[in-house]
file target_3.txt (compact mmCIF, C-alpha atoms)
# COMPACT_ATOMS: atom_id res chain seq x y z
CA MET A 1 0.00 0.00 0.00
CA GLU A 2 1.19 3.51 -0.81
CA ARG A 3 2.61 5.50 2.10
CA ARG A 4 2.76 9.27 2.36
CA ARG A 5 5.10 11.39 4.41
CA VAL A 6 3.96 13.37 7.46
CA GLY A 7 5.18 16.90 6.87
CA THR A 8 8.95 17.06 6.54
CA THR A 9 9.50 14.19 9.00
CA ASP A 10 10.54 10.62 8.32
CA VAL A 11 7.16 9.27 9.49
CA GLN A 12 5.22 7.70 6.62
CA LEU A 13 1.57 6.68 6.96
CA SER A 14 -0.25 4.20 4.76
CA VAL A 15 -2.96 5.98 2.76
CA VAL A 16 -5.58 4.06 4.74
CA GLY A 17 -5.27 3.92 8.51
CA LEU A 18 -7.26 1.89 11.03
CA GLY A 19 -9.73 3.79 13.19
CA GLY A 20 -9.19 2.27 16.61
CA ALA A 21 -12.32 3.43 18.42
CA TRP A 22 -14.22 0.34 17.23
CA LEU A 23 -11.64 -2.06 18.64
CA GLY A 24 -13.08 -2.08 22.14
CA GLN A 25 -12.90 -0.54 25.59
CA ASP A 26 -12.80 -3.32 28.22
CA VAL A 27 -9.23 -4.37 28.84
CA THR A 28 -10.41 -7.10 31.25
CA ASP A 29 -12.34 -8.85 28.45
CA ALA A 30 -9.87 -11.26 26.86
CA SER A 31 -12.15 -11.88 23.88
CA GLU A 32 -12.34 -8.16 23.15
CA VAL A 33 -8.56 -7.82 23.24
CA ALA A 34 -8.17 -10.90 21.05
CA ARG A 35 -10.62 -9.47 18.51
CA ALA A 36 -8.68 -6.19 18.44
CA ALA A 37 -5.47 -8.10 17.78
CA THR A 38 -7.16 -10.02 14.95
CA VAL A 39 -8.30 -6.77 13.33
CA LEU A 40 -4.82 -5.28 13.61
CA ARG A 41 -3.25 -8.32 11.97
CA ALA A 42 -5.88 -8.31 9.22
CA VAL A 43 -5.18 -4.73 8.20
CA ASP A 44 -1.44 -5.19 8.58
CA GLU A 45 -1.64 -7.89 5.89
CA THR A 46 -3.22 -5.36 3.49
CA GLY A 47 -0.42 -2.83 4.04
CA VAL A 48 -2.05 -0.58 6.66
CA ASN A 49 0.71 0.55 9.00
CA TRP A 50 -1.03 2.70 11.62
CA VAL A 51 -3.92 2.86 14.07
CA ASP A 52 -5.68 5.94 15.42
CA THR A 53 -7.00 6.29 18.98
CA SER A 54 -7.38 8.87 21.77
CA GLU A 55 -7.39 9.13 25.54
CA ASN A 56 -10.95 10.39 25.08
CA TYR A 57 -12.27 7.17 23.55
CA PHE A 58 -14.14 5.36 26.33
CA ASP A 59 -12.24 7.16 29.11
CA THR A 60 -8.86 5.72 28.01
CA GLY A 61 -10.31 2.20 27.66
CA ASN A 62 -9.72 2.13 23.92
CA GLU A 63 -6.02 2.94 24.32
CA SER A 64 -5.69 0.15 26.89
CA VAL A 65 -7.27 -2.49 24.66
CA ILE A 66 -5.18 -1.41 21.69
CA GLY A 67 -2.05 -1.37 23.84
CA ILE A 68 -2.37 -5.03 24.74
CA ALA A 69 -3.30 -5.96 21.17
CA LEU A 70 -0.23 -4.11 19.89
CA ARG A 71 2.02 -6.49 21.81
CA ARG A 72 1.26 -9.01 19.07
CA MET A 73 2.24 -6.54 16.34
CA PRO A 74 5.68 -5.48 15.08
CA ASP A 75 7.17 -2.32 16.58
CA SER A 76 7.07 -0.83 13.09
CA PHE A 77 3.26 -0.58 13.29
CA LEU A 78 2.60 3.10 14.01
CA VAL A 79 0.27 4.67 16.58
CA CYS A 80 -1.57 7.98 16.59
CA SER A 81 -3.26 9.20 19.75
CA LYS A 82 -4.71 12.45 21.07
CA VAL A 83 -4.97 14.51 24.22
CA ALA A 84 -8.36 16.08 24.90
CA PRO A 85 -9.09 19.37 26.70
CA GLY A 86 -11.99 17.88 28.65
CA ALA A 87 -14.92 15.50 28.55
CA LEU A 88 -17.07 14.75 25.53
CA ARG A 89 -19.68 12.07 24.79
CA SER A 90 -17.02 9.41 24.29
CA GLY A 91 -15.07 10.08 27.48
CA GLY A 92 -12.91 12.45 29.46
CA GLY A 93 -9.76 14.40 28.78
CA SER A 94 -6.62 15.46 30.62
CA GLY A 95 -6.68 19.18 29.81
CA PHE A 96 -4.42 21.47 27.82
CA ARG A 97 -2.20 23.12 30.40
CA PRO A 98 1.43 22.23 29.58
CA GLU A 99 1.86 19.92 32.56
CA GLN A 100 -1.42 18.19 31.70
CA VAL A 101 -0.35 17.62 28.11
CA ARG A 102 2.90 15.97 29.18
CA ARG A 103 1.19 13.82 31.78
CA ALA A 104 -1.46 12.79 29.24
CA CYS A 105 1.21 11.73 26.77
CA GLU A 106 3.06 9.72 29.39
CA MET A 107 -0.15 7.95 30.44
CA SER A 108 -1.09 7.20 26.82
CA LEU A 109 2.34 5.69 26.26
CA ALA A 110 1.90 3.47 29.31
CA ARG A 111 -1.51 2.27 28.13
CA LEU A 112 -0.30 1.73 24.56
CA THR A 113 2.87 -0.06 25.73
CA ARG A 114 5.08 2.20 23.60
CA ASP A 115 8.01 4.47 24.44
CA HIS A 116 6.89 7.09 21.92
CA LEU A 117 3.87 8.07 19.85
CA ASP A 118 4.35 8.33 16.11
CA VAL A 119 1.61 10.98 15.83
CA TYR A 120 0.19 12.97 18.75
CA LEU A 121 -2.67 15.43 18.33
CA LEU A 122 -4.67 18.00 20.25
CA HIS A 123 -8.11 16.40 19.92
CA TRP A 124 -10.25 19.54 19.68
CA PRO A 125 -9.93 23.22 20.66
CA ASP A 126 -9.85 24.17 24.31
CA GLU A 127 -12.49 26.56 25.65
CA SER A 128 -11.21 26.90 29.20
CA GLY A 129 -8.85 29.78 28.48
CA VAL A 130 -5.52 27.97 28.24
CA PRO A 131 -3.48 29.90 25.63
CA LEU A 132 -3.00 27.81 22.50
CA ALA A 133 0.62 28.98 22.30
CA ASP A 134 1.31 27.42 25.71
CA THR A 135 -0.33 24.13 24.75
CA TRP A 136 1.44 23.99 21.40
CA GLY A 137 4.74 24.74 23.10
CA ALA A 138 4.17 21.74 25.37
CA MET A 139 3.47 19.56 22.33
CA ALA A 140 6.71 20.73 20.71
CA ALA A 141 8.60 19.81 23.88
CA LEU A 142 7.30 16.24 23.58
CA VAL A 143 9.05 15.94 20.21
CA THR A 144 12.24 17.42 21.60
CA ASP A 145 12.18 14.92 24.45
CA GLY A 146 11.47 11.93 22.20
CA LEU A 147 7.97 11.17 23.47
CA ALA A 148 6.31 11.98 20.12
CA ARG A 149 7.72 11.84 16.59
CA THR A 150 5.18 14.19 15.01
CA ILE A 151 2.53 16.54 16.43
CA GLY A 152 -0.60 18.14 15.14
CA LEU A 153 -4.15 19.36 15.58
CA SER A 154 -7.52 17.67 15.21
CA ASN A 155 -10.76 19.56 14.52
CA TYR A 156 -9.08 22.98 14.32
CA GLU A 157 -9.82 25.88 12.00
CA ARG A 158 -7.28 27.27 9.55
CA GLU A 159 -6.56 30.38 11.65
CA ASP A 160 -5.40 28.34 14.66
CA ILE A 161 -3.47 25.94 12.46
CA SER A 162 -1.66 28.87 10.89
CA ARG A 163 -0.83 30.40 14.28
CA CYS A 164 0.63 27.12 15.52
CA HIS A 165 2.51 26.58 12.27
CA GLU A 166 4.28 29.92 12.71
CA GLN A 167 5.26 29.04 16.29
CA ARG A 168 6.47 25.51 15.50
CA PRO A 169 5.62 23.69 12.24
CA VAL A 170 2.43 21.66 12.39
CA ASP A 171 3.27 18.20 11.07
CA VAL A 172 -0.28 16.95 10.60
CA ILE A 173 -3.91 17.84 11.08
CA GLN A 174 -6.94 15.59 11.34
CA THR A 175 -10.37 16.62 10.11
CA GLY A 176 -13.51 15.05 8.70
CA LEU A 177 -14.44 14.66 5.04
CA SER A 178 -16.82 12.56 2.98
CA LEU A 179 -19.12 12.94 0.01
CA LEU A 180 -21.80 13.80 2.56
CA ASP A 181 -20.15 15.85 5.27
CA HIS A 182 -17.39 18.31 6.20
CA LEU A 183 -17.26 19.45 2.60
CA ASP A 184 -16.53 23.06 3.57
CA ASP A 185 -13.15 21.86 4.88
CA ARG A 186 -11.82 21.04 1.42
CA ALA A 187 -10.25 24.49 0.93
CA MET A 188 -8.47 24.20 4.28
CA ILE A 189 -7.27 20.69 3.43
CA THR A 190 -5.84 21.92 0.14
CA TRP A 191 -4.16 24.83 1.93
CA CYS A 192 -2.57 22.47 4.47
CA GLY A 193 -1.14 20.39 1.66
CA GLU A 194 0.35 23.52 0.13
CA GLN A 195 1.99 24.34 3.48
CA GLY A 196 3.53 20.87 3.72
CA ILE A 197 1.14 19.83 6.50
CA ALA A 198 -0.12 16.24 6.27
CA VAL A 199 -3.89 15.75 6.52
CA THR A 200 -5.53 12.62 7.91
CA ILE A 201 -9.27 12.28 7.36
CA TYR A 202 -11.80 10.78 9.75
CA GLU A 203 -15.34 9.69 8.85
CA PRO A 204 -14.72 9.08 5.12
CA LEU A 205 -17.73 6.73 5.37
CA ALA A 206 -19.88 9.32 7.17
CA GLY A 207 -20.36 7.19 10.25
CA GLY A 208 -21.11 4.04 8.27
CA ILE A 209 -23.65 5.65 5.93
CA LEU A 210 -21.49 5.31 2.82
CA THR A 211 -21.44 1.52 2.84
CA ASP A 212 -23.45 -1.33 1.36
CA THR A 213 -25.63 -1.42 4.49
CA PRO A 214 -29.17 -0.15 3.77
CA LEU A 215 -29.58 3.42 5.00
CA GLU A 216 -32.53 2.59 7.24
CA GLN A 217 -30.43 -0.02 9.07
CA VAL A 218 -27.67 2.54 9.59
CA ARG A 219 -30.22 5.03 10.92
CA GLU A 220 -31.65 2.47 13.36
CA ARG A 221 -28.20 2.02 14.92
CA TRP A 222 -28.20 5.67 15.96
CA VAL A 223 -31.84 6.07 17.02
CA GLY A 224 -32.30 5.73 20.77
CA THR A 225 -28.64 6.42 21.57
CA PRO A 226 -27.18 9.68 22.96
CA TRP A 227 -25.81 10.32 19.47
CA GLU A 228 -29.35 10.84 18.16
CA ASP A 229 -29.06 14.35 19.60
CA SER A 230 -25.76 15.00 17.86
CA ASP A 231 -25.19 17.50 15.08
CA PHE A 232 -24.02 14.59 12.93
CA PHE A 233 -27.36 12.79 13.20
CA ARG A 234 -29.34 15.94 12.52
CA ARG A 235 -27.22 16.80 9.47
CA LEU A 236 -27.35 13.42 7.79
CA LEU A 237 -29.98 11.13 9.28
CA SER A 238 -32.82 13.32 10.56
CA LEU A 239 -36.16 12.76 8.87
CA GLU A 240 -35.84 15.99 6.92
CA ASN A 241 -32.37 15.09 5.56
CA ALA A 242 -32.34 11.30 5.26
CA ASP A 243 -33.87 11.29 1.75
CA ARG A 244 -31.12 13.56 0.42
CA THR A 245 -28.50 11.40 2.10
CA GLY A 246 -30.05 8.36 0.45
CA GLN A 247 -29.72 9.91 -2.99
CA VAL A 248 -25.96 10.22 -2.54
CA VAL A 249 -25.68 6.64 -1.29
CA GLU A 250 -27.61 5.31 -4.27
CA GLY A 251 -25.46 7.29 -6.68
CA LEU A 252 -22.34 5.95 -5.01
CA ARG A 253 -23.73 2.43 -5.28
CA ARG A 254 -23.91 2.82 -9.06
CA VAL A 255 -20.32 4.04 -9.17
CA ALA A 256 -19.19 1.08 -7.06
CA GLN A 257 -20.82 -1.35 -9.45
CA GLN A 258 -19.12 0.31 -12.42
CA VAL A 259 -15.62 0.06 -10.97
CA GLY A 260 -16.09 -3.34 -9.31
CA ALA A 261 -15.68 -2.21 -5.72
CA THR A 262 -17.78 -1.78 -2.60
CA VAL A 263 -19.57 1.44 -1.72
CA ALA A 264 -17.18 1.93 1.19
CA GLN A 265 -14.12 1.44 -1.00
CA VAL A 266 -15.14 4.04 -3.57
CA ALA A 267 -16.14 6.48 -0.81
CA ILE A 268 -12.68 6.16 0.77
CA ALA A 269 -10.95 6.28 -2.61
CA TRP A 270 -12.72 9.57 -3.41
CA VAL A 271 -11.33 11.06 -0.19
CA LEU A 272 -7.82 9.86 -1.04
CA HIS A 273 -8.03 11.68 -4.37
CA GLN A 274 -8.80 15.06 -2.77
CA PRO A 275 -5.97 17.64 -2.90
CA GLY A 276 -3.97 17.77 0.31
CA VAL A 277 -5.17 14.46 1.77
CA THR A 278 -2.46 12.18 3.16
CA SER A 279 -4.51 9.33 4.60
CA ALA A 280 -8.07 8.34 5.49
CA ILE A 281 -9.05 6.52 8.67
CA ALA A 282 -11.58 3.70 8.46
CA GLY A 283 -12.62 1.84 11.59
CA SER A 284 -14.27 -1.53 12.17
CA GLY A 285 -14.27 -4.22 14.80
CA ASN A 286 -14.75 -6.83 12.09
CA PRO A 287 -11.43 -8.03 10.62
CA GLY A 288 -12.90 -8.84 7.20
CA ARG A 289 -14.62 -5.50 6.88
CA ALA A 290 -11.54 -3.63 8.10
CA ALA A 291 -9.43 -5.39 5.47
CA ASP A 292 -12.00 -4.66 2.76
CA ASN A 293 -11.98 -0.97 3.70
CA ALA A 294 -8.19 -0.95 3.50
CA ARG A 295 -8.37 -2.22 -0.07
CA ALA A 296 -9.83 1.14 -1.04
CA ALA A 297 -6.19 2.04 -1.59
CA ASP A 298 -6.23 -0.25 -4.63
CA VAL A 299 -9.32 1.31 -6.24
CA THR A 300 -8.63 3.38 -9.35
CA LEU A 301 -11.04 6.24 -10.04
CA PRO A 302 -10.68 7.74 -13.53
CA ASP A 303 -11.20 11.48 -13.89
CA ALA A 304 -14.64 10.96 -15.42
CA THR A 305 -15.67 8.83 -12.43
CA LEU A 306 -14.38 11.42 -9.97
CA GLN A 307 -16.37 14.10 -11.77
CA ALA A 308 -19.48 11.93 -11.59
CA MET A 309 -18.92 11.46 -7.85
CA ASP A 310 -18.48 15.20 -7.36
CA GLY A 311 -21.83 15.55 -9.12
CA LEU A 312 -23.47 13.60 -6.29
CA ILE A 313 -22.56 16.23 -3.69
CA PRO A 314 -25.33 18.71 -4.61
CA LEU A 315 -27.88 15.95 -4.06
CA GLY A 316 -26.91 15.60 -0.43
CA PRO A 317 -27.92 17.53 2.70
CA ALA A 318 -24.69 19.54 2.71
CA SER A 319 -26.08 21.51 -0.23
CA VAL A 320 -29.40 22.42 1.43
call {"tool": "encode", "arguments": {"input": "target_3.txt", "output": "structure tokens"}}
result
Amino acid sequence: MERRRVGTTDVQLSVVGLGGAWLGQDVTDASEVARAATVLRAVDETGVNWVDTSENYFDTGNESVIGIALRRMPDSFLVCSKVAPGALRSGGGSGFRPEQVRRACEMSLARLTRDHLDVYLLHWPDESGVPLADTWGAMAALVTDGLARTIGLSNYEREDISRCHEQRPVDVIQTGLSLLDHLDDRAMITWCGEQGIAVTIYEPLAGGILTDTPLEQVRERWVGTPWEDSDFFRRLLSLENADRTGQVVEGLRRVAQQVGATVAQVAIAWVLHQPGVTSAIAGSGNPGRAADNARAADVTLPDATLQAMDGLIPLGPASV
């Protein structure tokens, strides 16, 4: 699988990475850890060379499960994690004061059974008043001290990315993008590429919508959960928007049939063709599905097909 460089560093990420959040949260459940290890081995065989997680995922439980599973993987398999400024639906966070950032990194390393992180990110912007310059300075110190190889920002706007980049180069950012969502971020993604900043993309499948699973089944998974109140659900799966979402999925299904791939594979491949994109993260707790998603790296999309896929965007709720 093709690998792309992170900034000006020697870290190279496979163009598809494994989203780790689906790998589990209960480190005391041996079957859960074994399943995580099976998924990691499955994607490793396709050429995927990195997994993405965060201290925020299930209150550090996800890092712990992945850490034990990683013991069965070669040291060359790379790890990206994140420090969060506070709690969110998926868990807590250490905070962004410099001493909190360092402690968070040290604790993530202990859970992940590694002596350094290959990629370390600020998970989302802080609203408690900690100056970003102080937090970014603490992140830079982690690289100097060998605790992180590359550092970056997740879910940040271009203005903050630019400010950090002037203080100490930003190696990588992480943001969302799919044919359904986060489409306004494309200009920022292109700009990051022009600055030499790597861009990793989450939710290329729009939370499982852009797959071969019938849309109504996808919607049922979210209904009745806390995520039903999320902006994501309202944007893409609410009753007023679901029909428009379905039009994009059906159009993508036709494209998938034409190129001999799955809906998920062509959705990921479209993301990989966007200017500035380094890698896309696809997560699954099913080893076969995770491997199939990884094979999106092998899907060729001719220019005419890419143009046809771009033509699906106005059908979706992002264009309302």
call {"tool": "closest_residue", "arguments": {"input": "target_3.txt", "among": "A:Arg186, A:Arg111, A:His165, A:Lys82", "to": "A:Pro125", "atoms": "all atoms listed in the file"}}
result
A:Lys82
call {"tool": "closest_atom_pairs", "arguments": {"input": "target_3.txt", "of": "stretch 244-310 of chain A", "to": "stretch 23-26 of chain A", "cutoff": "12 Å", "atoms": "only C-alpha atoms", "output": "CSV"}}
result
residue,atom,partner,partner_atom,distance
A:Ala282,CA,A:Leu23,CA,11.7
A:Gly283,CA,A:Leu23,CA,8.1
A:Ser284,CA,A:Leu23,CA,7.0
A:Gly285,CA,A:Leu23,CA,5.1
A:Asn286,CA,A:Leu23,CA,8.7
A:Pro287,CA,A:Leu23,CA,10.0
A:Ala290,CA,A:Leu23,CA,10.7
call {"tool": "residues_near_point", "arguments": {"input": "target_3.txt", "point": "(-13.5, 5.2, 21.3)", "cutoff": "12 Å", "atoms": "only C-alpha atoms", "output": "ChimeraX atom specification"}}
result
/A:19-26,52-66,81-82,88-92,283-285
call {"tool": "write_last_selection", "arguments": {"input": "target_3.txt", "atoms": "C-alpha atoms", "output": "mmCIF file, in the coordinates of the input"}}
result
data_model
loop_
_atom_site.group_PDB
_atom_site.id
_atom_site.type_symbol
_atom_site.label_atom_id
_atom_site.label_comp_id
_atom_site.auth_asym_id
_atom_site.auth_seq_id
_atom_site.Cartn_x
_atom_site.Cartn_y
_atom_site.Cartn_z
ATOM 1 C CA GLY A 19 -9.730 3.790 13.190
ATOM 2 C CA GLY A 20 -9.190 2.270 16.610
ATOM 3 C CA ALA A 21 -12.320 3.430 18.420
ATOM 4 C CA TRP A 22 -14.220 0.340 17.230
ATOM 5 C CA LEU A 23 -11.640 -2.060 18.640
ATOM 6 C CA GLY A 24 -13.080 -2.080 22.140
ATOM 7 C CA GLN A 25 -12.900 -0.540 25.590
ATOM 8 C CA ASP A 26 -12.800 -3.320 28.220
ATOM 9 C CA ASP A 52 -5.680 5.940 15.420
ATOM 10 C CA THR A 53 -7.000 6.290 18.980
ATOM 11 C CA SER A 54 -7.380 8.870 21.770
ATOM 12 C CA GLU A 55 -7.390 9.130 25.540
ATOM 13 C CA ASN A 56 -10.950 10.390 25.080
ATOM 14 C CA TYR A 57 -12.270 7.170 23.550
ATOM 15 C CA PHE A 58 -14.140 5.360 26.330
ATOM 16 C CA ASP A 59 -12.240 7.160 29.110
ATOM 17 C CA THR A 60 -8.860 5.720 28.010
ATOM 18 C CA GLY A 61 -10.310 2.200 27.660
ATOM 19 C CA ASN A 62 -9.720 2.130 23.920
ATOM 20 C CA GLU A 63 -6.020 2.940 24.320
ATOM 21 C CA SER A 64 -5.690 0.150 26.890
ATOM 22 C CA VAL A 65 -7.270 -2.490 24.660
ATOM 23 C CA ILE A 66 -5.180 -1.410 21.690
ATOM 24 C CA SER A 81 -3.260 9.200 19.750
ATOM 25 C CA LYS A 82 -4.710 12.450 21.070
ATOM 26 C CA LEU A 88 -17.070 14.750 25.530
ATOM 27 C CA ARG A 89 -19.680 12.070 24.790
ATOM 28 C CA SER A 90 -17.020 9.410 24.290
ATOM 29 C CA GLY A 91 -15.070 10.080 27.480
ATOM 30 C CA GLY A 92 -12.910 12.450 29.460
ATOM 31 C CA GLY A 283 -12.620 1.840 11.590
ATOM 32 C CA SER A 284 -14.270 -1.530 12.170
ATOM 33 C CA GLY A 285 -14.270 -4.220 14.800
#
call {"tool": "residues_around", "arguments": {"input": "target_3.txt", "residues": "A:Ile151", "least_positions_apart": "4", "cutoff": "8 Å", "atoms": "only C-alpha atoms", "output": "list in words"}}
result
Val119, Tyr120, Leu121, Met139, Ala140, Val143, Val170, Asp171 and Val172 of chain A
call {"tool": "atom_distance", "arguments": {"input": "target_3.txt", "atom1": "atom CA of A:Ala133", "atom2": "atom CA of A:Leu153"}}
result
12.7 Å
call {"tool": "atom_distance", "arguments": {"input": "target_3.txt", "atom1": "atom CA of A:Trp124", "atom2": "atom CA of A:Ile161"}}
result
11.8 Å
call {"tool": "closest_residue", "arguments": {"input": "target_3.txt", "among": "A:Ala318, A:Val15, A:Met73, A:Ile173", "to": "A:Arg3", "atoms": "all atoms listed in the file"}}
result
A:Val15
call {"tool": "closest_residue", "arguments": {"input": "target_3.txt", "among": "A:Gly224, A:Pro204, A:Gly47, A:Gly152", "to": "A:Asp181", "atoms": "all atoms listed in the file"}}
result
A:Pro204
call {"tool": "residues_near_point", "arguments": {"input": "target_3.txt", "point": "(-12.1, -2.9, 4.4)", "cutoff": "10 Å", "atoms": "all atoms listed in the file", "output": "ChimeraX atom specification"}}
result
/A:16,18,42-43,46,262,264-265,268,282-284,286-297
call {"tool": "closest_residue", "arguments": {"input": "target_3.txt", "among": "A:Asp303, A:Glu166, A:Glu203, A:Glu220", "to": "A:Ala280", "atoms": "all atoms listed in the file"}}
result
A:Glu203
call {"tool": "atom_distance", "arguments": {"input": "target_3.txt", "atom1": "atom CA of A:Ala69", "atom2": "atom CA of A:Ala104"}}
result
20.5 Å
call {"tool": "closest_residue", "arguments": {"input": "target_3.txt", "among": "A:Gly251, A:Pro226, A:Gly176, A:Gly146", "to": "A:Thr211", "atoms": "only C-alpha atoms"}}
result
A:Gly251
call {"tool": "axis_aligned_box", "arguments": {"input": "target_3.txt", "around": "stretch 136-154 of chain A", "padding_each_side": "8 Å", "output": "JSON"}}
result
{"center_x": 2.4, "center_y": 18.0, "center_z": 20.2, "size_x": 35.8, "size_y": 29.6, "size_z": 26.4}
call {"tool": "closest_residue", "arguments": {"input": "target_3.txt", "among": "A:Thr300, A:Ser14, A:Gln307, A:Thr135", "to": "A:Gln167", "atoms": "all atoms listed in the file"}}
result
A:Thr135
call {"tool": "residues_around", "arguments": {"input": "target_3.txt", "residues": "A:Asp10", "least_positions_apart": "2", "cutoff": "12 Å", "atoms": "all atoms listed in the file", "output": "list in words"}}
result
Arg3, Arg4, Arg5, Val6, Gly7, Thr8, Gln12, Leu13, Asp118, Val119, Arg149, Thr150 and Asp171 of chain A
